[in-house]
Number of protein chains: 2
Amino acid sequence: MNLRPPAGAIAITGFMGTGKTTVARIVAERLGLEMVDTDELIEAEAGMSIPAIFAAHGEAHFRDLESAALAQALGRGRVVIGTGGGMLLRAANLEALRRAGPIICLTAGPDAILRRVGDDDSRPLLQVADPAGRIAELLAERRQAYAQADAHVDTTQLSPEQAADEVLRLLADDPRARWLTGARTTIPVALADARYEITVGCGVLDEVGALWPPREPGVRAALVTTDRIAPLLAERTTEALRAGGWEPHLLVVPDGEASKSLAVLGELYEGMAAAGLDRGGTVFALGGGVVGDLAGFAAATWMRGIDLVNLPTTLLAQVDSSIGGKTAIDLSGGKNLVGAFHQPVAVVSDVGTLATLPPAEMRSGLGEIIKHACCFDAEMFALLERRAGGTLADDTAALEYLVSRNCQIKAGIVEEDPHEQGVRAVLNYGHTVGHALERAAEGWSLRHGEVVGAGIVAESRLAAWLGVSDEETALRQERLVAAWGLPTSVSGIDEEAALAALARDKKIVSGRLRLPLVPEVGSFRIVEDVSIDLLRRAVRSVLAEGWRGDARR
Amino acid sequence: MNLRPPAGAIAITGFMGTGKTTVARIVAERLGLEMVDTDELIEAEAGMSIPAIFAAHGEAHFRDLESAALAQALGRGRVVIGTGGGMLLRAANLEALRRAGPIICLTAGPDAILRRVGDDDSRPLLQVADPAGRIAELLAERRQAYAQADAHVDTTQLSPEQAADEVLRLLADDPRARWLTGARTTIPVALADARYEITVGCGVLDEVGALWPPREPGVRAALVTTDRIAPLLAERTTEALRAGGWEPHLLVVPDGEASKSLAVLGELYEGMAAAGLDRGGTVFALGGGVVGDLAGFAAATWMRGIDLVNLPTTLLAQVDSSIGGKTAIDLSGGKNLVGAFHQPVAVVSDVGTLATLPPAEMRSGLGEIIKHACCFDAEMFALLERRAGGTLADDTAALEYLVSRNCQIKAGIVEEDPHEQGVRAVLNYGHTVGHALERAAEGWSLRHGEVVGAGIVAESRLAAWLGVSDEETALRQERLVAAWGLPTSVSGIDEEAALAALARDKKIVSGRLRLPLVPEVGSFRIVEDVSIDLLRRAVRSVLAEGWRGDARR
């Protein structure tokens with residue numbers, strides 16, 4: 001199965017004579033999308049004209065055919081649909097269109113409508129003695145249905161081109177239409193010795209070859225991914241690279257953290273040698289944090305460093321690990337012991353690839369998003385509060401916003417402190433406790449972003465105890481962590497093991513610690529000289545019995 | 001066997017009453033060296049005073065005892081020797097002192113001598129009726145011997161402190177005394193993102209802990225070396241590190257290129273983990289190019305990069321590979337395929353460690369030295385011509401000069417082009433042909449620096465053919481290569497294999513090549529558009545029968 005960008009549609013609906021077919025055709029052309037007219041589909045399918053269908057089988061039968069045609073149109077991927085004027089009369093049709101994208105309804109005054117369609121005998125509903133009266137009657141009948149549309153454009157005074165302009169203007173302001181209109185967000189990252197762009201959007205994976213083309217056609221590229229992701233995205237990415245002029249070589253490693261080993265790295269190197277990858281080549285890392293770390297390290301060290309493009313496919317990788325240049329592998333003695341700082345030359349984050357992520361993976365990414373919101377962005381925090389309890393996987397507009405905003409935040413911090421020597425410490429909010437829980441949990445049974453949830457809860461309490469924040473600020477953070485399904489406490493972890501892991505934290509000097517804490521939502525302060533005893537109390541508070549202990553998977 | 005710094009001595013000699021014992025004691029104190037007085041040694045050994053020895057056994061026996069005492073003094077390492085006044089009378093003594101270091105002879109007018117020693121009844125040679133006449137007689141006898149000294153200081157008008165000042169001034173100007181006086185050459189390297197010093201001298205290895213101390217006492221260091229070098233230098237280096245405050249952990253890898261593998265790297269990582277090396281730790285790479293490449297890469301990648309100090313112990317490493325930040329390991333698919341640029345934080349080049357290098361290793365370093373001389377330094381070229389046919393291993397002064405000068409040259413190039421993207425190409429002089437020969441020679445039977453000799457010969461001919469230089473310039477280079485025992489041609493290499501290796505050179509574009517060539521000794525020019533055919537002819541010219549084919553080992 002190949003994971004394609006999610007289907008979606010811009011629907012142009014409205015009463016007969018409002019110009020919806022013509023306008024839909026112009027809009028589709030401007031956006032480079034296919035245009036599907038449901039009435040045309042019906043006629044082609046039935047092998048007869050719409051008046052003939054009405055005449056032979058009646059309106060009810062036509063409405064059935066119309067619903068079937070809509071389903072067919074929506075199955076075509078990303079399209080602009082010109083609907084029949086009665087499409088919205090059925091609640092199921094309205095629902096299907098809403099899920100697929102924005103619905104724009106064209107309107108016109110009754111006189112204009114009569115003028116435009118009066119002499120058209122292909123309109124079965126107007127084959128009556130008093131067309132004007134019939135139009136008024138039908139308009140009244142359908143008023144409620146048309147009111148369900150997301151936006152309305154009155155075409156009475158407009159040419160079809162002018163009406164299309166207006167539709168495109170509305171679409172540009174509609175976040176749900178951004179990926180249908182080919183819009184994407186570009187976030188520049190400017191470091192002293194590197195400068196690159198993060199491109200966020202739905203379907204941008206298909207443009208990776210154009211976004212990062214080779215210096216000359218036929219240059220070899222290594223596309224590194226895992227055996228879980230390859231069946232979903234390898235073919236599509238390979239095609240996109242080839243379209244850009246690359247000669248891509250697919251190198252597949254086993255899925256999972258165990259691949260961050262010297263042994264798998266060695267196999268990857270052998271694959272790169274066999275692919276004839278030279279100094280002009282590029283490594284494209286397609287996957288989550290494991291692929292980013294492993295393939296990133298391979299790129300950092302291949303012939304003393306070649307170009308790396310990150311194609312993150314998990315929420316955690318898109319909002320966090322794909323930015324900042326940290327690459328690493330694990331040793332038996334510890335995680336990430338061997339690695340390099342190696343900035344990518346480009347990051348392409350296709351939020352469409354998140355559609356099939358398991359909920360636990362989405363939660364893991366949300367841990368870092370909530371962390372960013374706590375420390376940097378009260379507005380994003382409030383948005384996450386409003387959307388609490390919802391799902392994100394199929395909401396590409398929300399994902400594009402969240403990924404873009406979090407990339408901006410992370411990029412800003414990385415720009416200030418590329419080698420993690422100063423302010424980047426703030427990215428550790430929730431992580432001092434989080435890491436201790438992670439280390440104490442045997443066999444990595446907890447996902448990283450999940451323990452960060454409990455870590456944020458613990459550290460927000462610490463801030464309240466220290467008087468750095470008030471109680472309510474801590475509670476707000478806890479409620480948000482809980483609302484997105486992240487653990488606010490963890491059970492099954494040995495208290496002594498967690499406290500021992502905490503004591504091994506390298507940031508502890510003489511029993512005291514510097515910690516980033518959150519005085520109020522959307523801001524942070526580095527608090528010096530936090531006692532290890534208070535930190536222990538914070539850890540214990542998220543291990544206590546009676547707290548939600550749902551972190552074990 | 002531990003390889004200690006070579007022994008050596010500053011001899012202070014002169015006639016009785018010139019103040020040599022007192023002055024030697026002051027000089028030794030100022031230099032922090034041990035002072036040995038041969039007369040005191042003789043008395044201690046014999047258990048009787050010198051007048052008593054003269055009385056009981058005569059002068060000839062005393063002279064025997066004096067020679068034995070001298071041998072004992074020279075065995076003590078680095079010392080200042082105050083000699084008896086007659087020490088230089090024996091040619092063997094003079095010879096031994098000369099080999100050990102500079103000889104300074106103190107002089108004084110006969111009146112001053114008489115005044116200073118007239119009432120001293122411990123001077124057996126003056127126990128005569130006419131001491132003044134006896135002094136004149138003895139001075140005349142010894143004039144020739146004293147003339148053999150390297151320098152003379154007239155102490156008639158000087159206090160002992162003033163005389164010592166004058167001796168130290170003379171020593172500061174004497175290159176042979178530099179390492180005895182604790183002098184060393186420091187070459188700063190200033191890159192955009194790194195700044196470090198190369199320290200060159202004899203015995204500087206013993207000061208590595210002071211030259212690069214830990215941030216606080218007890219920080220862990222990894223001392224990486226090979227099983228060939230460890231017995232020679234590990235104990236001494238460990239002691240030096242400990243003296244500086246480090247907690248050194250010795251990590252030994254097998255000697256030879258085969259250690260530049262992912263497998264040995266993995267073992268090294270495990271050793272570093274077991275040693276508890278953290279971000280504040282430092283890797284000290286003690287050895288030749290293999291250790292520098294391997295340990296350097298380990299340092300570059302340990303916890304995303306920790307400090308690296310290079311302690312090169314081969315001439316090639318001291319003049320070339322320890323500077324510039326290139327680290328790498330080999331894969332089965334090729335040499336140096338995996339690596340990183342990682343500048344050291346310090347380089348400590350102890351030329352004393354070169355004493356036991358096999359001649360082939362010395363030659364290998366000389367290949368790069370001659371390359372530098374050809375391209376950058378006509379004066380060094382002329383010096384190498386004058387010293388041609390000599391040996392270097394035991395001439396610490398010459399080695400200090402050569403290593404320092406070549407470090408300066410290499411550092412200058414690296415400063416200009418740290419990532420080998422431009423002018424650093426000039427360092428490839430002799431290497432385009434050299435690498436082709438190296439690749440064609442199965443199983444690396446040729447040392448790198450050796451093929452560079454033949455490469456320089458080939459490329460100097462190419463320059464003459466192109467009219468870039470005259471014939472004599474090419475011949476001068478060939479003579480110098482030959483004079484230092486490097487091959488000017490190689491036998492036993494398959495011509496087709498060499499030409500095929502040449503054709504695979506990545507710098508070749510459409511059958512043409514940019515090459516650094518030498519228009520006249522001490523300068524270079526990047527020549528564009530050299531045809532591959534001419535380059536083939538140059539390769540063939542060093543493969544021809546009849547040329548000195550002594551490169552096979």
# chains A, B, ... in the order shown; residues from 1 in each chain; ligands from 1

$ closest_atom_pairs --of "chain A" --to "chain B" --cutoff "6 Å" --atoms "only C-alpha atoms" --output "CSV"
residue,atom,partner,partner_atom,distance
A:Thr301,CA,B:Gly339,CA,4.8
A:Trp302,CA,B:Val338,CA,4.7
A:Met303,CA,B:Leu337,CA,4.9
A:Arg304,CA,B:Ala340,CA,4.1
A:Leu337,CA,B:Met303,CA,4.9
A:Val338,CA,B:Trp302,CA,4.7
A:Gly339,CA,B:Arg304,CA,4.4
A:Ala340,CA,B:Arg304,CA,4.0

$ calpha_fit_rmsd --fixed "chain B" --moving "chain A"
0.5 Å

$ atom_distance --atom1 "atom CA of A:Ile456" --atom2 "atom CA of A:Met380"
16.3 Å

$ select_by_dssp --residues "stretch 259-298 of chain A" --states "strand (DSSP E)" --output "PDB file with N, CA, C and O atoms, in the first residue's frame"
ATOM      1  N   THR A 282      23.563  13.319  -1.767  1.00  0.00           N
ATOM      2  CA  THR A 282      22.761  13.788  -0.640  1.00  0.00           C
ATOM      3  C   THR A 282      22.076  12.594   0.002  1.00  0.00           C
ATOM      4  O   THR A 282      21.657  11.673  -0.692  1.00  0.00           O
ATOM      5  N   VAL A 283      21.983  12.626   1.331  1.00  0.00           N
ATOM      6  CA  VAL A 283      21.200  11.624   2.050  1.00  0.00           C
ATOM      7  C   VAL A 283      19.832  12.223   2.346  1.00  0.00           C
ATOM      8  O   VAL A 283      19.745  13.322   2.901  1.00  0.00           O
ATOM      9  N   PHE A 284      18.772  11.528   1.936  1.00  0.00           N
ATOM     10  CA  PHE A 284      17.407  11.921   2.272  1.00  0.00           C
ATOM     11  C   PHE A 284      16.918  10.973   3.361  1.00  0.00           C
ATOM     12  O   PHE A 284      16.853   9.762   3.136  1.00  0.00           O
ATOM     13  N   ALA A 285      16.625  11.519   4.531  1.00  0.00           N
ATOM     14  CA  ALA A 285      16.221  10.695   5.671  1.00  0.00           C
ATOM     15  C   ALA A 285      14.711  10.743   5.796  1.00  0.00           C
ATOM     16  O   ALA A 285      14.155  11.761   6.204  1.00  0.00           O
ATOM     17  N   LEU A 286      14.048   9.632   5.438  1.00  0.00           N
ATOM     18  CA  LEU A 286      12.584   9.572   5.406  1.00  0.00           C
ATOM     19  C   LEU A 286      12.091   8.738   6.578  1.00  0.00           C
ATOM     20  O   LEU A 286      12.254   7.519   6.580  1.00  0.00           O
ATOM     21  N   GLY A 287      11.509   9.386   7.574  1.00  0.00           N
ATOM     22  CA  GLY A 287      11.007   8.634   8.716  1.00  0.00           C
ATOM     23  C   GLY A 287      10.943   9.468   9.972  1.00  0.00           C
ATOM     24  O   GLY A 287      10.911  10.695   9.920  1.00  0.00           O
TER      25      GLY A 287
END

$ residues_around --residues "B:Asp255" --least-positions-apart "6" --cutoff "6 Å" --atoms "only C-alpha atoms" --output "ChimeraX atom specification"
/B:226-228

$ select_by_dssp --residues "stretch 178-423 of chain A" --states "helix (DSSP H, G or I)" --output "PyMOL selection string"
chain A and resi 204-211+230-244+257-259+262-274+289-301+315-321+351-354+359-376+378-386+396-416+423

$ residues_around --residues "B:Glu40" --least-positions-apart "4" --cutoff "12 Å" --atoms "only C-alpha atoms" --output "PyMOL selection string"
chain B and resi 21+35-36+44-50+65-66+69-70+73+81-84

$ write_last_selection --atoms "N, CA, C and O atoms" --output "tab-separated table (two decimals), in the first residue's frame"
chain	number	residue	atom	x	y	z
B	21	THR	N	82.17	25.93	38.18
B	21	THR	CA	81.26	25.17	39.04
B	21	THR	C	80.10	26.06	39.51
B	21	THR	O	78.92	25.70	39.40
B	35	MET	N	72.35	19.70	38.02
B	35	MET	CA	73.75	20.08	37.78
B	35	MET	C	74.63	18.96	38.30
B	35	MET	O	74.43	18.46	39.40
B	36	VAL	N	75.56	18.55	37.47
B	36	VAL	CA	76.50	17.50	37.89
B	36	VAL	C	77.91	18.07	37.78
B	36	VAL	O	78.30	18.56	36.72
B	44	ALA	N	83.32	11.53	45.27
B	44	ALA	CA	82.32	10.69	45.93
B	44	ALA	C	82.57	9.22	45.60
B	44	ALA	O	82.51	8.34	46.47
B	45	GLU	N	82.88	8.99	44.33
B	45	GLU	CA	83.09	7.61	43.84
B	45	GLU	C	84.35	7.01	44.51
B	45	GLU	O	84.33	5.87	44.97
B	46	ALA	N	85.44	7.83	44.52
B	46	ALA	CA	86.73	7.32	45.02
B	46	ALA	C	86.77	7.34	46.55
B	46	ALA	O	87.62	6.68	47.17
B	47	GLY	N	85.90	8.11	47.17
B	47	GLY	CA	85.94	8.21	48.63
B	47	GLY	C	87.16	8.97	49.13
B	47	GLY	O	87.57	8.83	50.28
B	48	MET	N	87.78	9.76	48.26
B	48	MET	CA	88.92	10.59	48.68
B	48	MET	C	88.94	11.87	47.87
B	48	MET	O	88.29	11.97	46.83
B	49	SER	N	89.67	12.86	48.35
B	49	SER	CA	89.69	14.16	47.69
B	49	SER	C	90.56	14.08	46.43
B	49	SER	O	91.39	13.18	46.28
B	50	ILE	N	90.40	15.05	45.57
B	50	ILE	CA	91.17	15.05	44.32
B	50	ILE	C	92.68	15.19	44.58
B	50	ILE	O	93.47	14.43	44.03
B	65	LEU	N	89.53	8.33	35.81
B	65	LEU	CA	88.35	8.50	36.68
B	65	LEU	C	87.44	9.59	36.12
B	65	LEU	O	86.20	9.49	36.17
B	66	GLU	N	88.07	10.64	35.57
B	66	GLU	CA	87.31	11.78	35.04
B	66	GLU	C	86.45	11.35	33.83
B	66	GLU	O	85.28	11.73	33.71
B	69	ALA	N	83.54	9.44	35.13
B	69	ALA	CA	82.57	10.34	35.75
B	69	ALA	C	81.74	11.05	34.68
B	69	ALA	O	80.53	11.25	34.84
B	70	LEU	N	82.40	11.41	33.60
B	70	LEU	CA	81.68	12.08	32.51
B	70	LEU	C	80.60	11.15	31.93
B	70	LEU	O	79.45	11.57	31.74
B	73	ALA	N	77.76	11.12	34.25
B	73	ALA	CA	76.99	12.37	34.20
B	73	ALA	C	76.09	12.40	32.97
B	73	ALA	O	74.91	12.80	33.05
B	81	ILE	N	76.61	20.11	33.05
B	81	ILE	CA	77.82	19.50	33.64
B	81	ILE	C	78.87	20.56	33.87
B	81	ILE	O	79.25	21.28	32.94
B	82	GLY	N	79.29	20.68	35.11
B	82	GLY	CA	80.48	21.47	35.40
B	82	GLY	C	81.66	20.52	35.34
B	82	GLY	O	81.70	19.53	36.07
B	83	THR	N	82.60	20.75	34.43
B	83	THR	CA	83.69	19.79	34.26
B	83	THR	C	84.93	20.25	35.02
B	83	THR	O	85.07	21.43	35.36
B	84	GLY	N	85.81	19.31	35.28
B	84	GLY	CA	87.13	19.71	35.73
B	84	GLY	C	87.82	20.48	34.62
B	84	GLY	O	87.44	20.37	33.43

$ closest_residue --among "B:Glu416, B:Glu207, B:Glu459, B:Glu520" --to "B:Ala538" --atoms "only C-alpha atoms"
B:Glu459

$ residues_around --residues "stretch 129-144 of chain A" --least-positions-apart "2" --cutoff "9 Å" --atoms "only C-alpha atoms" --output "compact mmCIF listing (two decimals) with all heavy atoms, in the first residue's frame"
# COMPACT_ATOMS: atom_id res chain seq x y z
N PHE A 15 -27.11 27.67 -6.78
CA PHE A 15 -28.30 27.49 -7.61
C PHE A 15 -27.92 27.52 -9.09
O PHE A 15 -26.86 28.03 -9.46
CB PHE A 15 -29.29 28.61 -7.29
CG PHE A 15 -30.70 28.33 -7.75
CD1 PHE A 15 -31.47 27.36 -7.10
CD2 PHE A 15 -31.25 29.02 -8.83
CE1 PHE A 15 -32.77 27.10 -7.52
CE2 PHE A 15 -32.56 28.76 -9.25
CZ PHE A 15 -33.31 27.79 -8.59
N GLY A 86 -28.69 21.01 -6.49
CA GLY A 86 -29.43 20.42 -5.38
C GLY A 86 -28.58 19.54 -4.49
O GLY A 86 -29.08 18.85 -3.60
N LEU A 88 -26.58 19.92 -2.00
CA LEU A 88 -26.55 20.08 -0.54
C LEU A 88 -27.86 19.69 0.12
O LEU A 88 -27.98 19.71 1.34
CB LEU A 88 -26.19 21.53 -0.15
CG LEU A 88 -24.82 22.03 -0.61
CD1 LEU A 88 -24.49 23.35 0.08
CD2 LEU A 88 -23.72 21.02 -0.33
N LEU A 89 -28.88 19.36 -0.73
CA LEU A 89 -30.17 19.01 -0.14
C LEU A 89 -30.09 17.75 0.70
O LEU A 89 -30.81 17.59 1.66
CB LEU A 89 -31.22 18.83 -1.26
CG LEU A 89 -31.57 20.13 -2.01
CD1 LEU A 89 -32.50 19.84 -3.19
CD2 LEU A 89 -32.23 21.15 -1.06
N PRO A 110 -32.61 36.62 -8.49
CA PRO A 110 -33.52 35.84 -9.35
C PRO A 110 -33.56 36.34 -10.79
O PRO A 110 -33.62 35.52 -11.73
CB PRO A 110 -34.88 36.05 -8.67
CG PRO A 110 -34.58 36.47 -7.28
CD PRO A 110 -33.25 37.16 -7.31
N ASP A 111 -33.45 37.66 -10.98
CA ASP A 111 -33.49 38.19 -12.35
C ASP A 111 -32.28 37.73 -13.13
O ASP A 111 -32.37 37.33 -14.29
CB ASP A 111 -33.53 39.73 -12.32
CG ASP A 111 -34.82 40.24 -11.68
OD1 ASP A 111 -35.74 39.40 -11.47
OD2 ASP A 111 -34.89 41.44 -11.38
N ILE A 113 -30.54 35.13 -12.59
CA ILE A 113 -30.67 33.69 -12.84
C ILE A 113 -31.57 33.44 -14.04
O ILE A 113 -31.22 32.70 -14.96
CB ILE A 113 -31.22 32.97 -11.58
CG1 ILE A 113 -30.13 32.99 -10.48
CG2 ILE A 113 -31.64 31.55 -11.90
CD1 ILE A 113 -30.63 32.54 -9.12
N LEU A 114 -32.72 34.12 -14.05
CA LEU A 114 -33.69 33.93 -15.14
C LEU A 114 -33.07 34.32 -16.46
O LEU A 114 -33.20 33.61 -17.46
CB LEU A 114 -34.95 34.76 -14.87
CG LEU A 114 -36.10 34.53 -15.85
CD1 LEU A 114 -36.56 33.06 -15.80
CD2 LEU A 114 -37.27 35.46 -15.54
N GLY A 118 -32.95 31.20 -18.65
CA GLY A 118 -34.32 31.18 -19.12
C GLY A 118 -34.53 30.42 -20.42
O GLY A 118 -35.52 29.69 -20.58
N LEU A 125 -36.01 21.29 -14.11
CA LEU A 125 -36.85 21.87 -13.07
C LEU A 125 -37.53 23.17 -13.51
O LEU A 125 -38.46 23.64 -12.86
CB LEU A 125 -36.02 22.14 -11.80
CG LEU A 125 -35.49 20.88 -11.09
CD1 LEU A 125 -34.63 21.25 -9.89
CD2 LEU A 125 -36.65 19.99 -10.65
N LEU A 126 -37.00 23.78 -14.63
CA LEU A 126 -37.60 25.04 -15.09
C LEU A 126 -38.56 24.86 -16.26
O LEU A 126 -39.02 25.83 -16.84
CB LEU A 126 -36.49 26.03 -15.48
CG LEU A 126 -35.60 26.52 -14.34
CD1 LEU A 126 -34.67 27.64 -14.82
CD2 LEU A 126 -36.43 27.01 -13.15
N GLN A 127 -38.83 23.61 -16.63
CA GLN A 127 -39.76 23.38 -17.74
C GLN A 127 -41.20 23.55 -17.25
O GLN A 127 -42.01 22.63 -17.22
CB GLN A 127 -39.54 21.98 -18.34
CG GLN A 127 -38.10 21.69 -18.77
CD GLN A 127 -37.50 22.77 -19.64
OE1 GLN A 127 -38.14 23.23 -20.61
NE2 GLN A 127 -36.30 23.25 -19.28
N TYR A 146 -28.21 25.91 1.32
CA TYR A 146 -27.10 26.76 0.87
C TYR A 146 -26.44 27.50 2.03
O TYR A 146 -25.25 27.80 2.02
CB TYR A 146 -27.58 27.77 -0.19
CG TYR A 146 -27.94 27.14 -1.52
CD1 TYR A 146 -28.93 27.68 -2.35
CD2 TYR A 146 -27.24 26.02 -1.99
CE1 TYR A 146 -29.24 27.12 -3.57
CE2 TYR A 146 -27.57 25.45 -3.21
CZ TYR A 146 -28.57 25.99 -4.00
OH TYR A 146 -28.86 25.43 -5.20
N ALA A 147 -27.22 27.75 3.09
CA ALA A 147 -26.67 28.46 4.25
C ALA A 147 -25.60 27.64 4.96
O ALA A 147 -24.80 28.15 5.73
CB ALA A 147 -27.79 28.83 5.22
N GLN A 148 -25.58 26.32 4.69
CA GLN A 148 -24.58 25.44 5.32
C GLN A 148 -23.18 25.60 4.72
O GLN A 148 -22.21 25.10 5.27
CB GLN A 148 -24.99 23.96 5.15
CG GLN A 148 -26.39 23.63 5.67
CD GLN A 148 -26.47 23.78 7.17
OE1 GLN A 148 -25.58 23.32 7.90
NE2 GLN A 148 -27.52 24.45 7.66

$ atom_distance --atom1 "atom CA of B:Gly58" --atom2 "atom CA of B:Met16"
18.5 Å

$ closest_residue --among "A:Leu205, A:Val153, A:Leu74, A:Leu170" --to "A:Arg99" --atoms "only C-alpha atoms"
A:Leu74

$ residues_around --residues "stretch 231-247 of chain A" --least-positions-apart "5" --cutoff "7 Å" --atoms "only C-alpha atoms" --output "ChimeraX atom specification"
/A:1-3,205-210,213-214,217-221

$ atom_distance --atom1 "atom CA of B:Glu385" --atom2 "atom CA of B:His372"
13.9 Å

$ residues_around --residues "A:Pro359" --least-positions-apart "3" --cutoff "12 Å" --atoms "only C-alpha atoms" --output "list in words"
Thr314, Leu315, Leu354, Ala355, Thr356, Met362, Arg363, Ser364, Gly365, Leu366, Gly390, Thr391, Leu392, Ala393, Asp394, Arg447, Glu450, Trp484, Gly485, Leu486 and Arg553 of chain A

$ decode --residues "stretch 370-427 of chain B" --atoms "C-alpha atoms" --output "PDB file, in the first residue's frame"
ATOM      1  CA  ILE B 370      59.989  17.922   0.330  1.00  0.00           C
ATOM      2  CA  LYS B 371      56.527  18.672  -1.091  1.00  0.00           C
ATOM      3  CA  HIS B 372      56.193  21.670   1.221  1.00  0.00           C
ATOM      4  CA  ALA B 373      59.714  22.829   0.323  1.00  0.00           C
ATOM      5  CA  CYS B 374      58.955  22.560  -3.417  1.00  0.00           C
ATOM      6  CA  CYS B 375      55.755  24.606  -3.177  1.00  0.00           C
ATOM      7  CA  PHE B 376      56.462  27.082  -0.379  1.00  0.00           C
ATOM      8  CA  ASP B 377      60.014  27.367   0.874  1.00  0.00           C
ATOM      9  CA  ALA B 378      63.148  27.649  -1.264  1.00  0.00           C
ATOM     10  CA  GLU B 379      65.233  28.142   1.871  1.00  0.00           C
ATOM     11  CA  MET B 380      64.093  24.867   3.413  1.00  0.00           C
ATOM     12  CA  PHE B 381      64.644  23.232   0.006  1.00  0.00           C
ATOM     13  CA  ALA B 382      68.249  24.498  -0.002  1.00  0.00           C
ATOM     14  CA  LEU B 383      68.780  23.311   3.559  1.00  0.00           C
ATOM     15  CA  LEU B 384      67.506  19.860   2.603  1.00  0.00           C
ATOM     16  CA  GLU B 385      69.929  19.889  -0.354  1.00  0.00           C
ATOM     17  CA  ARG B 386      72.849  20.763   1.935  1.00  0.00           C
ATOM     18  CA  ARG B 387      71.886  18.086   4.481  1.00  0.00           C
ATOM     19  CA  ALA B 388      71.179  15.506   1.774  1.00  0.00           C
ATOM     20  CA  GLY B 389      72.325  12.000   2.591  1.00  0.00           C
ATOM     21  CA  GLY B 390      72.425  12.715   6.294  1.00  0.00           C
ATOM     22  CA  THR B 391      70.212  11.189   8.938  1.00  0.00           C
ATOM     23  CA  LEU B 392      67.719  13.124  10.962  1.00  0.00           C
ATOM     24  CA  ALA B 393      66.492  10.789  13.664  1.00  0.00           C
ATOM     25  CA  ASP B 394      69.094  11.785  16.243  1.00  0.00           C
ATOM     26  CA  ASP B 395      69.390  15.443  15.300  1.00  0.00           C
ATOM     27  CA  THR B 396      66.728  16.999  17.466  1.00  0.00           C
ATOM     28  CA  ALA B 397      67.671  20.522  16.465  1.00  0.00           C
ATOM     29  CA  ALA B 398      67.202  19.824  12.760  1.00  0.00           C
ATOM     30  CA  LEU B 399      63.985  17.948  13.465  1.00  0.00           C
ATOM     31  CA  GLU B 400      62.606  20.774  15.580  1.00  0.00           C
ATOM     32  CA  TYR B 401      63.331  23.193  12.766  1.00  0.00           C
ATOM     33  CA  LEU B 402      61.802  20.965  10.082  1.00  0.00           C
ATOM     34  CA  VAL B 403      58.719  20.012  12.061  1.00  0.00           C
ATOM     35  CA  SER B 404      58.085  23.611  13.158  1.00  0.00           C
ATOM     36  CA  ARG B 405      58.540  25.035   9.680  1.00  0.00           C
ATOM     37  CA  ASN B 406      56.317  22.414   8.052  1.00  0.00           C
ATOM     38  CA  CYS B 407      53.647  22.911  10.693  1.00  0.00           C
ATOM     39  CA  GLN B 408      53.725  26.633   9.926  1.00  0.00           C
ATOM     40  CA  ILE B 409      53.251  25.931   6.224  1.00  0.00           C
ATOM     41  CA  LYS B 410      50.458  23.408   6.714  1.00  0.00           C
ATOM     42  CA  ALA B 411      48.746  25.567   9.351  1.00  0.00           C
ATOM     43  CA  GLY B 412      48.801  28.539   6.989  1.00  0.00           C
ATOM     44  CA  ILE B 413      47.057  26.544   4.281  1.00  0.00           C
ATOM     45  CA  VAL B 414      44.526  25.044   6.672  1.00  0.00           C
ATOM     46  CA  GLU B 415      43.720  28.502   8.026  1.00  0.00           C
ATOM     47  CA  GLU B 416      42.950  29.643   4.515  1.00  0.00           C
ATOM     48  CA  ASP B 417      40.873  26.606   3.588  1.00  0.00           C
ATOM     49  CA  PRO B 418      39.780  24.544   6.605  1.00  0.00           C
ATOM     50  CA  HIS B 419      37.393  22.243   4.734  1.00  0.00           C
ATOM     51  CA  GLU B 420      39.558  21.546   1.708  1.00  0.00           C
ATOM     52  CA  GLN B 421      37.417  23.412  -0.754  1.00  0.00           C
ATOM     53  CA  GLY B 422      39.973  25.637  -2.445  1.00  0.00           C
ATOM     54  CA  VAL B 423      43.634  26.497  -2.022  1.00  0.00           C
ATOM     55  CA  ARG B 424      44.251  23.409   0.097  1.00  0.00           C
ATOM     56  CA  ALA B 425      44.416  21.648  -3.275  1.00  0.00           C
ATOM     57  CA  VAL B 426      48.027  22.764  -3.401  1.00  0.00           C
ATOM     58  CA  LEU B 427      48.756  20.212  -0.692  1.00  0.00           C
TER      59      LEU B 427
END
